[in-house]
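Here is the file data_13.cif (mmCIF, C-alpha atoms; chains and numbers go by the auth columns).
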data_start
loop_
_atom_site.group_PDB
_atom_site.id
_atom_site.type_symbol
_atom_site.label_atom_id
_atom_site.label_comp_id
_atom_site.label_asym_id
_atom_site.label_seq_id
_atom_site.Cartn_x
_atom_site.Cartn_y
_atom_site.Cartn_z
_atom_site.B_iso_or_equiv
_atom_site.auth_seq_id
_atom_site.auth_asym_id
ATOM 1 C CA MET A 1 -28.041 2.970 23.300 0.00 1388 F
ATOM 2 C CA ASN A 2 -24.789 2.896 21.342 0.00 1389 F
ATOM 3 C CA LYS A 3 -21.952 5.086 22.457 0.00 1390 F
ATOM 4 C CA GLN A 4 -21.071 7.709 19.845 0.00 1391 F
ATOM 5 C CA GLY A 5 -18.189 6.621 17.638 0.00 1392 F
ATOM 6 C CA MET A 6 -14.939 8.519 17.305 0.00 1393 F
ATOM 7 C CA LEU A 7 -13.936 10.490 14.243 0.00 1394 F
ATOM 8 C CA ILE A 8 -10.308 10.027 13.162 0.00 1395 F
ATOM 9 C CA VAL A 9 -8.956 12.424 10.565 0.00 1396 F
ATOM 10 C CA ILE A 10 -5.884 11.192 8.669 0.00 1397 F
ATOM 11 C CA SER A 11 -3.984 13.591 6.433 0.00 1398 F
ATOM 12 C CA GLY A 12 -0.519 13.486 4.958 0.00 1399 F
ATOM 13 C CA PHE A 13 1.676 14.319 2.039 0.00 1400 F
ATOM 14 C CA SER A 14 0.812 12.714 -1.283 0.00 1401 F
ATOM 15 C CA GLY A 15 2.666 9.418 -1.605 0.00 1402 F
ATOM 16 C CA VAL A 16 3.145 8.627 2.106 0.00 1403 F
ATOM 17 C CA GLY A 17 0.696 5.724 2.059 0.00 1404 F
ATOM 18 C CA LYS A 18 -2.083 7.281 4.106 0.00 1405 F
ATOM 19 C CA GLY A 19 -4.716 5.518 2.004 0.00 1406 F
ATOM 20 C CA THR A 20 -3.018 2.172 2.506 0.00 1407 F
ATOM 21 C CA ALA A 21 -2.762 2.803 6.237 0.00 1408 F
ATOM 22 C CA ALA A 22 -6.447 3.717 6.435 0.00 1409 F
ATOM 23 C CA LYS A 23 -7.488 0.532 4.618 0.00 1410 F
ATOM 24 C CA ARG A 24 -5.258 -1.548 6.889 0.00 1411 F
ATOM 25 C CA LEU A 25 -6.914 -0.011 9.965 0.00 1412 F
ATOM 26 C CA VAL A 26 -10.250 -1.175 8.574 0.00 1413 F
ATOM 27 C CA GLU A 27 -8.944 -4.705 7.936 0.00 1414 F
ATOM 28 C CA LYS A 28 -7.005 -5.122 11.162 0.00 1415 F
ATOM 29 C CA TYR A 29 -9.068 -3.213 13.717 0.00 1416 F
ATOM 30 C CA GLY A 30 -12.551 -2.858 12.227 0.00 1417 F
ATOM 31 C CA TYR A 31 -12.669 0.878 11.631 0.00 1418 F
ATOM 32 C CA SER A 32 -15.214 2.344 9.233 0.00 1419 F
ATOM 33 C CA LEU A 33 -13.686 4.240 6.302 0.00 1420 F
ATOM 34 C CA SER A 34 -15.520 7.118 4.743 0.00 1421 F
ATOM 35 C CA ILE A 35 -15.190 7.126 0.961 0.00 1422 F
ATOM 36 C CA SER A 36 -14.496 10.578 -0.421 0.00 1423 F
ATOM 37 C CA ALA A 37 -15.937 12.102 -3.568 0.00 1424 F
ATOM 38 C CA THR A 38 -13.607 13.620 -6.140 0.00 1425 F
ATOM 39 C CA THR A 39 -13.617 15.227 -9.548 0.00 1426 F
ATOM 40 C CA ARG A 40 -10.268 13.724 -10.573 0.00 1427 F
ATOM 41 C CA ALA A 41 -10.179 10.938 -13.152 0.00 1428 F
ATOM 42 C CA PRO A 42 -9.951 7.350 -11.854 0.00 1429 F
ATOM 43 C CA ARG A 43 -6.508 5.761 -11.893 0.00 1430 F
ATOM 44 C CA GLU A 44 -6.046 2.328 -13.406 0.00 1431 F
ATOM 45 C CA GLY A 45 -7.834 -0.284 -11.292 0.00 1432 F
ATOM 46 C CA GLU A 46 -9.909 2.207 -9.288 0.00 1433 F
ATOM 47 C CA VAL A 47 -13.653 1.580 -9.047 0.00 1434 F
ATOM 48 C CA ASP A 48 -16.387 4.138 -8.450 0.00 1435 F
ATOM 49 C CA GLY A 49 -17.739 3.721 -4.917 0.00 1436 F
ATOM 50 C CA ARG A 50 -14.699 1.759 -3.724 0.00 1437 F
ATOM 51 C CA GLU A 51 -11.683 4.089 -3.851 0.00 1438 F
ATOM 52 C CA TYR A 52 -13.731 7.254 -4.477 0.00 1439 F
ATOM 53 C CA TYR A 53 -17.094 8.427 -5.683 0.00 1440 F
ATOM 54 C CA PHE A 54 -16.043 9.945 -9.005 0.00 1441 F
ATOM 55 C CA LYS A 55 -18.058 13.053 -9.839 0.00 1442 F
ATOM 56 C CA THR A 56 -18.133 15.667 -12.546 0.00 1443 F
ATOM 57 C CA VAL A 57 -17.436 19.222 -11.450 0.00 1444 F
ATOM 58 C CA ASP A 58 -21.125 20.081 -11.870 0.00 1445 F
ATOM 59 C CA GLU A 59 -22.218 17.082 -9.781 0.00 1446 F
ATOM 60 C CA PHE A 60 -19.747 17.990 -7.055 0.00 1447 F
ATOM 61 C CA ARG A 61 -20.829 21.630 -6.944 0.00 1448 F
ATOM 62 C CA ASN A 62 -24.462 20.545 -6.777 0.00 1449 F
ATOM 63 C CA LEU A 63 -23.698 18.501 -3.653 0.00 1450 F
ATOM 64 C CA ILE A 64 -21.952 21.524 -2.134 0.00 1451 F
ATOM 65 C CA ASP A 65 -25.073 23.593 -2.721 0.00 1452 F
ATOM 66 C CA TYR A 66 -27.215 20.979 -0.937 0.00 1453 F
ATOM 67 C CA ASN A 67 -24.866 20.737 2.075 0.00 1454 F
ATOM 68 C CA GLY A 68 -23.962 17.212 1.084 0.00 1455 F
ATOM 69 C CA PHE A 69 -20.391 17.406 2.378 0.00 1456 F
ATOM 70 C CA ILE A 70 -19.076 17.866 5.899 0.00 1457 F
ATOM 71 C CA GLU A 71 -15.907 19.211 4.291 0.00 1458 F
ATOM 72 C CA TYR A 72 -14.476 19.748 0.840 0.00 1459 F
ATOM 73 C CA ALA A 73 -11.360 21.262 -0.675 0.00 1460 F
ATOM 74 C CA GLN A 74 -9.619 21.804 -3.990 0.00 1461 F
ATOM 75 C CA TYR A 75 -6.268 20.059 -4.408 0.00 1462 F
ATOM 76 C CA VAL A 76 -4.045 20.088 -7.507 0.00 1463 F
ATOM 77 C CA GLU A 77 -6.915 21.318 -9.707 0.00 1464 F
ATOM 78 C CA ASN A 78 -9.474 18.758 -8.471 0.00 1465 F
ATOM 79 C CA TYR A 79 -12.176 18.801 -5.806 0.00 1466 F
ATOM 80 C CA TYR A 80 -12.297 16.320 -2.907 0.00 1467 F
ATOM 81 C CA GLY A 81 -15.050 16.082 -0.301 0.00 1468 F
ATOM 82 C CA THR A 82 -16.478 13.918 2.486 0.00 1469 F
ATOM 83 C CA PRO A 83 -20.157 12.932 2.057 0.00 1470 F
ATOM 84 C CA ARG A 84 -22.124 13.811 5.180 0.00 1471 F
ATOM 85 C CA ALA A 85 -24.719 11.009 5.370 0.00 1472 F
ATOM 86 C CA TYR A 86 -22.353 8.040 5.759 0.00 1473 F
ATOM 87 C CA VAL A 87 -20.188 9.644 8.448 0.00 1474 F
ATOM 88 C CA GLU A 88 -23.071 10.717 10.654 0.00 1475 F
ATOM 89 C CA LYS A 89 -24.773 7.326 10.332 0.00 1476 F
ATOM 90 C CA GLU A 90 -21.641 5.384 11.313 0.00 1477 F
ATOM 91 C CA LEU A 91 -20.873 7.641 14.273 0.00 1478 F
ATOM 92 C CA ALA A 92 -24.436 7.253 15.537 0.00 1479 F
ATOM 93 C CA LEU A 93 -24.011 3.466 15.371 0.00 1480 F
ATOM 94 C CA GLY A 94 -20.970 3.752 17.639 0.00 1481 F
ATOM 95 C CA HIS A 95 -18.407 2.986 14.942 0.00 1482 F
ATOM 96 C CA ASN A 96 -15.021 4.702 14.766 0.00 1483 F
ATOM 97 C CA VAL A 97 -14.807 6.448 11.395 0.00 1484 F
ATOM 98 C CA ILE A 98 -11.644 7.303 9.471 0.00 1485 F
ATOM 99 C CA LEU A 99 -11.591 10.297 7.163 0.00 1486 F
ATOM 100 C CA GLU A 100 -8.606 10.426 4.808 0.00 1487 F
ATOM 101 C CA ILE A 101 -8.649 14.071 3.739 0.00 1488 F
ATOM 102 C CA GLU A 102 -6.527 17.117 2.919 0.00 1489 F
ATOM 103 C CA VAL A 103 -5.384 19.669 5.493 0.00 1490 F
ATOM 104 C CA GLU A 104 -8.050 22.261 4.654 0.00 1491 F
ATOM 105 C CA GLY A 105 -10.769 19.688 5.168 0.00 1492 F
ATOM 106 C CA ALA A 106 -9.232 18.515 8.422 0.00 1493 F
ATOM 107 C CA LEU A 107 -9.540 21.974 9.932 0.00 1494 F
ATOM 108 C CA GLN A 108 -13.146 22.195 8.745 0.00 1495 F
ATOM 109 C CA ILE A 109 -13.852 18.859 10.470 0.00 1496 F
ATOM 110 C CA LYS A 110 -12.271 20.008 13.739 0.00 1497 F
ATOM 111 C CA GLU A 111 -14.559 23.042 13.790 0.00 1498 F
ATOM 112 C CA GLN A 112 -17.664 20.866 13.377 0.00 1499 F
ATOM 113 C CA TYR A 113 -16.475 17.911 15.497 0.00 1500 F
ATOM 114 C CA PRO A 114 -14.226 19.239 18.313 0.00 1501 F
ATOM 115 C CA GLU A 115 -13.584 15.709 19.637 0.00 1502 F
ATOM 116 C CA ALA A 116 -12.177 14.511 16.303 0.00 1503 F
ATOM 117 C CA ILE A 117 -8.599 13.202 16.436 0.00 1504 F
ATOM 118 C CA LEU A 118 -6.307 14.807 13.857 0.00 1505 F
ATOM 119 C CA ILE A 119 -3.362 12.646 12.710 0.00 1506 F
ATOM 120 C CA PHE A 120 -0.778 13.671 10.115 0.00 1507 F
ATOM 121 C CA ILE A 121 1.208 10.932 8.347 0.00 1508 F
ATOM 122 C CA SER A 122 4.613 11.663 6.842 0.00 1509 F
ATOM 123 C CA ALA A 123 7.471 9.888 5.108 0.00 1510 F
ATOM 124 C CA SER A 124 10.716 9.787 7.080 0.00 1511 F
ATOM 125 C CA SER A 125 12.339 12.464 4.893 0.00 1512 F
ATOM 126 C CA ALA A 126 11.605 14.818 2.009 0.00 1513 F
ATOM 127 C CA ILE A 127 13.897 12.800 -0.272 0.00 1514 F
ATOM 128 C CA GLU A 128 11.983 9.608 0.489 0.00 1515 F
ATOM 129 C CA LEU A 129 8.728 11.458 -0.152 0.00 1516 F
ATOM 130 C CA LYS A 130 9.840 12.545 -3.635 0.00 1517 F
ATOM 131 C CA ASP A 131 11.196 9.057 -4.377 0.00 1518 F
ATOM 132 C CA ARG A 132 7.807 7.535 -3.521 0.00 1519 F
ATOM 133 C CA LEU A 133 5.955 9.970 -5.777 0.00 1520 F
ATOM 134 C CA THR A 134 8.340 9.342 -8.658 0.00 1521 F
ATOM 135 C CA GLY A 135 8.303 5.582 -8.093 0.00 1522 F
ATOM 136 C CA ARG A 136 4.509 5.334 -8.361 0.00 1523 F
ATOM 137 C CA GLY A 137 4.792 6.016 -12.090 0.00 1524 F
ATOM 138 C CA THR A 138 1.208 7.302 -12.228 0.00 1525 F
ATOM 139 C CA GLU A 139 2.017 11.013 -12.519 0.00 1526 F
ATOM 140 C CA SER A 140 4.126 13.129 -14.830 0.00 1527 F
ATOM 141 C CA ILE A 141 7.189 15.011 -13.564 0.00 1528 F
ATOM 142 C CA GLU A 142 5.093 18.178 -13.711 0.00 1529 F
ATOM 143 C CA VAL A 143 2.481 16.672 -11.391 0.00 1530 F
ATOM 144 C CA VAL A 144 5.169 15.297 -9.044 0.00 1531 F
ATOM 145 C CA ASN A 145 6.649 18.787 -8.775 0.00 1532 F
ATOM 146 C CA LYS A 146 3.197 20.228 -8.082 0.00 1533 F
ATOM 147 C CA ARG A 147 2.700 17.686 -5.310 0.00 1534 F
ATOM 148 C CA MET A 148 6.073 18.550 -3.786 0.00 1535 F
ATOM 149 C CA ASN A 149 5.173 22.242 -3.878 0.00 1536 F
ATOM 150 C CA ARG A 150 1.898 21.331 -2.236 0.00 1537 F
ATOM 151 C CA ALA A 151 3.800 19.379 0.435 0.00 1538 F
ATOM 152 C CA ARG A 152 5.742 22.531 1.318 0.00 1539 F
ATOM 153 C CA GLU A 153 2.440 24.326 1.884 0.00 1540 F
ATOM 154 C CA GLU A 154 0.971 21.417 3.868 0.00 1541 F
ATOM 155 C CA ALA A 155 4.016 21.305 6.140 0.00 1542 F
ATOM 156 C CA GLU A 156 2.996 24.691 7.512 0.00 1543 F
ATOM 157 C CA SER A 157 -0.309 23.198 8.712 0.00 1544 F
ATOM 158 C CA ILE A 158 1.171 20.232 10.592 0.00 1545 F
ATOM 159 C CA PRO A 159 1.183 22.036 13.987 0.00 1546 F
ATOM 160 C CA ASN A 160 -2.641 22.122 13.764 0.00 1547 F
ATOM 161 C CA TYR A 161 -2.625 18.328 14.122 0.00 1548 F
ATOM 162 C CA GLU A 162 -2.554 16.543 17.461 0.00 1549 F
ATOM 163 C CA TYR A 163 -0.420 13.614 16.311 0.00 1550 F
ATOM 164 C CA PHE A 164 2.432 13.216 13.815 0.00 1551 F
ATOM 165 C CA VAL A 165 3.092 9.648 12.654 0.00 1552 F
ATOM 166 C CA ILE A 166 5.886 8.536 10.320 0.00 1553 F
ATOM 167 C CA ASN A 167 5.092 5.756 7.863 0.00 1554 F
ATOM 168 C CA ARG A 168 8.592 4.423 7.247 0.00 1555 F
ATOM 169 C CA ASP A 169 9.261 2.512 4.067 0.00 1556 F
ATOM 170 C CA GLY A 170 8.435 -1.159 4.687 0.00 1557 F
ATOM 171 C CA ALA A 171 6.994 -0.513 8.154 0.00 1558 F
ATOM 172 C CA LEU A 172 3.273 -0.103 7.452 0.00 1559 F
ATOM 173 C CA GLU A 173 2.191 -2.303 10.375 0.00 1560 F
ATOM 174 C CA GLU A 174 4.113 -0.140 12.849 0.00 1561 F
ATOM 175 C CA CYS A 175 2.377 2.962 11.485 0.00 1562 F
ATOM 176 C CA VAL A 176 -1.058 1.310 11.679 0.00 1563 F
ATOM 177 C CA ASP A 177 -0.483 0.020 15.210 0.00 1564 F
ATOM 178 C CA GLU A 178 0.680 3.457 16.345 0.00 1565 F
ATOM 179 C CA ILE A 179 -2.469 5.098 14.998 0.00 1566 F
ATOM 180 C CA HIS A 180 -4.650 2.473 16.673 0.00 1567 F
ATOM 181 C CA ALA A 181 -2.829 3.009 19.968 0.00 1568 F
ATOM 182 C CA ILE A 182 -3.497 6.745 19.731 0.00 1569 F
ATOM 183 C CA VAL A 183 -7.199 6.192 19.160 0.00 1570 F
ATOM 184 C CA THR A 184 -7.525 3.486 21.820 0.00 1571 F
ATOM 185 C CA ALA A 185 -5.861 5.638 24.446 0.00 1572 F
ATOM 186 C CA ARG A 186 -8.213 8.539 23.618 0.00 1573 F
ATOM 187 C CA ARG A 187 -5.478 10.876 24.647 0.00 1574 F
ATOM 188 C CA LYS A 188 -6.506 14.477 25.108 0.00 1575 F
ATOM 189 C CA GLU A 189 -3.077 16.021 25.464 0.00 1576 F
ATOM 190 C CA ILE A 190 -1.389 17.254 22.297 0.00 1577 F
ATOM 191 C CA ARG A 191 1.510 15.017 21.348 0.00 1578 F
ATOM 192 C CA LEU A 192 3.687 16.512 18.641 0.00 1579 F
ATOM 193 C CA TRP A 193 7.060 15.155 17.620 0.00 1580 F
ATOM 194 C CA ASN A 194 8.433 18.647 17.074 0.00 1581 F
ATOM 195 C CA ASP A 195 11.907 17.590 15.944 0.00 1582 F
ATOM 196 C CA ASP A 196 10.448 15.402 13.194 0.00 1583 F
ATOM 197 C CA ILE A 197 8.076 18.160 12.069 0.00 1584 F
ATOM 198 C CA ILE A 198 10.775 20.837 11.909 0.00 1585 F
ATOM 199 C CA LYS A 199 13.133 18.465 10.079 0.00 1586 F
ATOM 200 C CA MET A 200 10.521 17.729 7.386 0.00 1587 F
ATOM 201 C CA GLN A 201 9.589 21.415 7.017 0.00 1588 F
ATOM 202 C CA ASN A 202 13.235 22.420 6.591 0.00 1589 F
ATOM 203 C CA GLU A 203 13.948 19.639 4.094 0.00 1590 F
ATOM 204 C CA LEU A 204 10.968 20.551 1.940 0.00 1591 F
ATOM 205 C CA MET A 205 11.895 24.238 1.894 0.00 1592 F
ATOM 206 C CA SER A 206 15.480 23.460 0.876 0.00 1593 F
ATOM 207 C CA MET A 207 14.597 21.224 -2.097 0.00 1594 F
#
Please re-express this file's structure in structure tokens.
Amino acid sequence: MNKQGMLIVISGFSGVGKGTAAKRLVEKYGYSLSISATTRAPREGEVDGREYYFKTVDEFRNLIDYNGFIEYAQYVENYYGTPRAYVEKELALGHNVILEIEVEGALQIKEQYPEAILIFISASSAIELKDRLTGRGTESIEVVNKRMNRAREEAESIPNYEYFVINRDGALEECVDEIHAIVTARRKEIRLWNDDIIKMQNELMSM
């Protein structure tokens, strides 16, 4: 009988590279990555069923009604959710599953799966965070400002996470290896880098 897999929840500010880190964990260490559903429009190069399952609002709400998500949330005017069937199948097979989701969804997951590991990924500073969002060139200034306002709200939820990992510019492998070390160790004690958290919260509030 397979041992139950572990559920790893990865959240973070928009633009910190949490999606890239999650994909690298799959490539490097063999994690399973749950693909979220969303009502936002695909970005250039994105494919339905690869980056996201792209749904209409009606389709998404229908899945909510049929308990098709283990969590869902609304973020910057769009819905995001984690389909239930894939996650439960992979866990039953003994695979470690990564969920890349927003903070509201992470807390929903923790209620349903108390053993889930909650990891928050951040840039090294608020200035770097804004530079990354601006540098992507995929959003308008209005959307960038909305995402920065959202980051200020998300910063208040960081203490609900068990681990705080910084994805420094150009140091993706260090971030990925740190996350893998956390999961491998199966640590139960809460490890928060309080100075880093407070610094980011203060920077975001002062911008």
With all atoms listed in the file as the counted atoms, please give the residues lying no more than 8 Å from range 1441-1446 of chain F, apart from itself and same-chain residues fewer than 5 positions off, as a PDB file with C-alpha atoms, in the coordinates of the input.
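So result17.pdb came out as:
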ATOM      1  CA  ALA F1424     -15.937  12.102  -3.568  1.00  0.00           C
ATOM      2  CA  THR F1425     -13.607  13.620  -6.140  1.00  0.00           C
ATOM      3  CA  THR F1426     -13.617  15.227  -9.548  1.00  0.00           C
ATOM      4  CA  ARG F1427     -10.268  13.724 -10.573  1.00  0.00           C
ATOM      5  CA  ALA F1428     -10.179  10.938 -13.152  1.00  0.00           C
ATOM      6  CA  PRO F1429      -9.951   7.350 -11.854  1.00  0.00           C
ATOM      7  CA  ASP F1435     -16.387   4.138  -8.450  1.00  0.00           C
ATOM      8  CA  GLY F1436     -17.739   3.721  -4.917  1.00  0.00           C
ATOM      9  CA  TYR F1466     -12.176  18.801  -5.806  1.00  0.00           C
TER      10      TYR F1466
END
On this structure, the PyMOL selection byres ((chain F and resi 1402) around 9) would catch which residues? List them as a CSV table (one decimal) with C-alpha atoms, in the frame of the given file, sorted by chain and number.
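Final output, part39.csv:
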chain,number,residue,atom,x,y,z
F,1399,GLY,CA,-0.5,13.5,5.0
F,1400,PHE,CA,1.7,14.3,2.0
F,1401,SER,CA,0.8,12.7,-1.3
F,1403,VAL,CA,3.1,8.6,2.1
F,1404,GLY,CA,0.7,5.7,2.1
F,1405,LYS,CA,-2.1,7.3,4.1
F,1509,SER,CA,4.6,11.7,6.8
F,1510,ALA,CA,7.5,9.9,5.1
F,1516,LEU,CA,8.7,11.5,-0.2
F,1517,LYS,CA,9.8,12.5,-3.6
F,1518,ASP,CA,11.2,9.1,-4.4
F,1519,ARG,CA,7.8,7.5,-3.5
F,1520,LEU,CA,6.0,10.0,-5.8
F,1523,ARG,CA,4.5,5.3,-8.4
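What the PyMOL selection byres ((chain F and resi 1560) around 12) grabs from this file is Gly1404, Thr1407, Ala1408, Ala1409, Lys1410, Arg1411, Leu1412, Glu1414, Lys1415, Tyr1416, Ile1553, Asn1554, Arg1555, Asp1556, Gly1557, Ala1558, Leu1559, Glu1561, Cys1562, Val1563, Asp1564, Glu1565, Ile1566 and His1567 of chain F.
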Point to revise | Option closest in space to Glu1489 in chain F, from F:Ala1513, F:Ala1572, F:Met1592, F:Val1396 [counting only C-alpha atoms] | key: F:Val1396
Identify all residues satisfying the PyMOL selection byres ((chain F and resi 1455) around 12) in the given file; provide them as a PDB file with C-alpha atoms, in the coordinates of the input.
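Everything below was put into selection_3.pdb:
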ATOM      1  CA  SER F1423     -14.496  10.578  -0.421  1.00  0.00           C
ATOM      2  CA  ALA F1424     -15.937  12.102  -3.568  1.00  0.00           C
ATOM      3  CA  GLU F1446     -22.218  17.082  -9.781  1.00  0.00           C
ATOM      4  CA  PHE F1447     -19.747  17.990  -7.055  1.00  0.00           C
ATOM      5  CA  ARG F1448     -20.829  21.630  -6.944  1.00  0.00           C
ATOM      6  CA  ASN F1449     -24.462  20.545  -6.777  1.00  0.00           C
ATOM      7  CA  LEU F1450     -23.698  18.501  -3.653  1.00  0.00           C
ATOM      8  CA  ILE F1451     -21.952  21.524  -2.134  1.00  0.00           C
ATOM      9  CA  ASP F1452     -25.073  23.593  -2.721  1.00  0.00           C
ATOM     10  CA  TYR F1453     -27.215  20.979  -0.937  1.00  0.00           C
ATOM     11  CA  ASN F1454     -24.866  20.737   2.075  1.00  0.00           C
ATOM     12  CA  PHE F1456     -20.391  17.406   2.378  1.00  0.00           C
ATOM     13  CA  ILE F1457     -19.076  17.866   5.899  1.00  0.00           C
ATOM     14  CA  GLU F1458     -15.907  19.211   4.291  1.00  0.00           C
ATOM     15  CA  TYR F1459     -14.476  19.748   0.840  1.00  0.00           C
ATOM     16  CA  GLY F1468     -15.050  16.082  -0.301  1.00  0.00           C
ATOM     17  CA  THR F1469     -16.478  13.918   2.486  1.00  0.00           C
ATOM     18  CA  PRO F1470     -20.157  12.932   2.057  1.00  0.00           C
ATOM     19  CA  ARG F1471     -22.124  13.811   5.180  1.00  0.00           C
ATOM     20  CA  ALA F1472     -24.719  11.009   5.370  1.00  0.00           C
ATOM     21  CA  TYR F1473     -22.353   8.040   5.759  1.00  0.00           C
ATOM     22  CA  VAL F1474     -20.188   9.644   8.448  1.00  0.00           C
ATOM     23  CA  GLU F1475     -23.071  10.717  10.654  1.00  0.00           C
TER      24      GLU F1475
END
Emit as AutoDock Vina command-line options the padded axis-aligned box for all listed atoms of range 1425-1444 of chain F, 4 Å per side, with centre and edge lengths in Å to one decimal.
--center_x -12.1 --center_y 9.5 --center_z -8.6 --size_x 20.1 --size_y 27.5 --size_z 17.7
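Distances from F:Ser1419, F:Thr1521, F:Asn1532, F:Ser1512 to Glu1477 in chain F were compared using all atoms listed in the file, and the smallest one belongs to F:Ser1419.
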Exercise for review: Find, counting all atoms listed in the file, the residue in F:Ile1422, F:Val1413, F:Ala1460, F:Ile1504 that gets nearest to Leu1394 in chain F.
Suggested key: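 Result for the nearest residue to Leu1394 in chain F: F:Ile1504.
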Practice item. Have a look at F:Ile1506, F:Val1552, F:Ala1493, F:Ile1514 and name the one nearest to Asp1583 in chain F; count only C-alpha atoms. Key: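 Looking only at the distances to Asp1583 in chain F, the closest residue turns out to be F:Val1552.
Of note, CA of Tyr1548 in chain F and CA of Leu1486 in chain F are spaced 13.9 Å apart.
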Review point. Separation of CA of Tyr1439 in chain F and CA of Tyr1418 in chain F, in Å?
Key: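 Between these atoms lies a distance of 17.4 Å.
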Exercise for review: Figure out the distance between CA of Tyr1550 in chain F and CA of Lys1476 in chain F, please, to one decimal in Å.
Suggested key: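 Result for CA of Lys1476 in chain F versus CA of Tyr1550 in chain F: 25.9 Å, one decimal.
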Could you get me a file of range 1426-1439 of chain F with N, CA and C atoms, as a PDB file, in the first residue's frame, taken from the block above?
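Everything below was put into out_37.pdb:
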ATOM      1  N   THR F1426     -10.719  31.966 -14.425  1.00  0.00           N
ATOM      2  CA  THR F1426     -11.587  32.656 -15.383  1.00  0.00           C
ATOM      3  C   THR F1426     -10.849  33.782 -16.092  1.00  0.00           C
ATOM      4  N   ARG F1427      -9.567  33.996 -15.783  1.00  0.00           N
ATOM      5  CA  ARG F1427      -8.841  35.055 -16.490  1.00  0.00           C
ATOM      6  C   ARG F1427      -8.494  34.596 -17.902  1.00  0.00           C
ATOM      7  N   ALA F1428      -8.244  35.557 -18.774  1.00  0.00           N
ATOM      8  CA  ALA F1428      -7.894  35.249 -20.163  1.00  0.00           C
ATOM      9  C   ALA F1428      -6.476  34.700 -20.233  1.00  0.00           C
ATOM     10  N   PRO F1429      -6.210  33.769 -21.148  1.00  0.00           N
ATOM     11  CA  PRO F1429      -4.843  33.245 -21.298  1.00  0.00           C
ATOM     12  C   PRO F1429      -3.879  34.342 -21.738  1.00  0.00           C
ATOM     13  N   ARG F1430      -2.660  34.298 -21.196  1.00  0.00           N
ATOM     14  CA  ARG F1430      -1.604  35.180 -21.677  1.00  0.00           C
ATOM     15  C   ARG F1430      -0.978  34.543 -22.915  1.00  0.00           C
ATOM     16  N   GLU F1431      -0.217  35.338 -23.642  1.00  0.00           N
ATOM     17  CA  GLU F1431       0.420  34.840 -24.852  1.00  0.00           C
ATOM     18  C   GLU F1431       1.282  33.615 -24.547  1.00  0.00           C
ATOM     19  N   GLY F1432       1.064  32.538 -25.302  1.00  0.00           N
ATOM     20  CA  GLY F1432       1.845  31.321 -25.124  1.00  0.00           C
ATOM     21  C   GLY F1432       1.245  30.322 -24.155  1.00  0.00           C
ATOM     22  N   GLU F1433       0.236  30.727 -23.384  1.00  0.00           N
ATOM     23  CA  GLU F1433      -0.384  29.800 -22.431  1.00  0.00           C
ATOM     24  C   GLU F1433      -1.355  28.870 -23.153  1.00  0.00           C
ATOM     25  N   VAL F1434      -1.414  27.629 -22.673  1.00  0.00           N
ATOM     26  CA  VAL F1434      -2.248  26.601 -23.296  1.00  0.00           C
ATOM     27  C   VAL F1434      -3.221  26.044 -22.266  1.00  0.00           C
ATOM     28  N   ASP F1435      -4.467  25.893 -22.661  1.00  0.00           N
ATOM     29  CA  ASP F1435      -5.477  25.326 -21.769  1.00  0.00           C
ATOM     30  C   ASP F1435      -5.073  23.917 -21.356  1.00  0.00           C
ATOM     31  N   GLY F1436      -5.082  23.649 -20.049  1.00  0.00           N
ATOM     32  CA  GLY F1436      -4.709  22.345 -19.531  1.00  0.00           C
ATOM     33  C   GLY F1436      -3.232  22.208 -19.231  1.00  0.00           C
ATOM     34  N   ARG F1437      -2.443  23.214 -19.577  1.00  0.00           N
ATOM     35  CA  ARG F1437      -1.006  23.195 -19.256  1.00  0.00           C
ATOM     36  C   ARG F1437      -0.695  24.212 -18.156  1.00  0.00           C
ATOM     37  N   GLU F1438      -0.903  25.501 -18.449  1.00  0.00           N
ATOM     38  CA  GLU F1438      -0.704  26.511 -17.398  1.00  0.00           C
ATOM     39  C   GLU F1438      -1.924  26.565 -16.463  1.00  0.00           C
ATOM     40  N   TYR F1439      -3.102  26.588 -17.066  1.00  0.00           N
ATOM     41  CA  TYR F1439      -4.370  26.628 -16.326  1.00  0.00           C
ATOM     42  C   TYR F1439      -5.430  25.902 -17.131  1.00  0.00           C
TER      43      TYR F1439
END
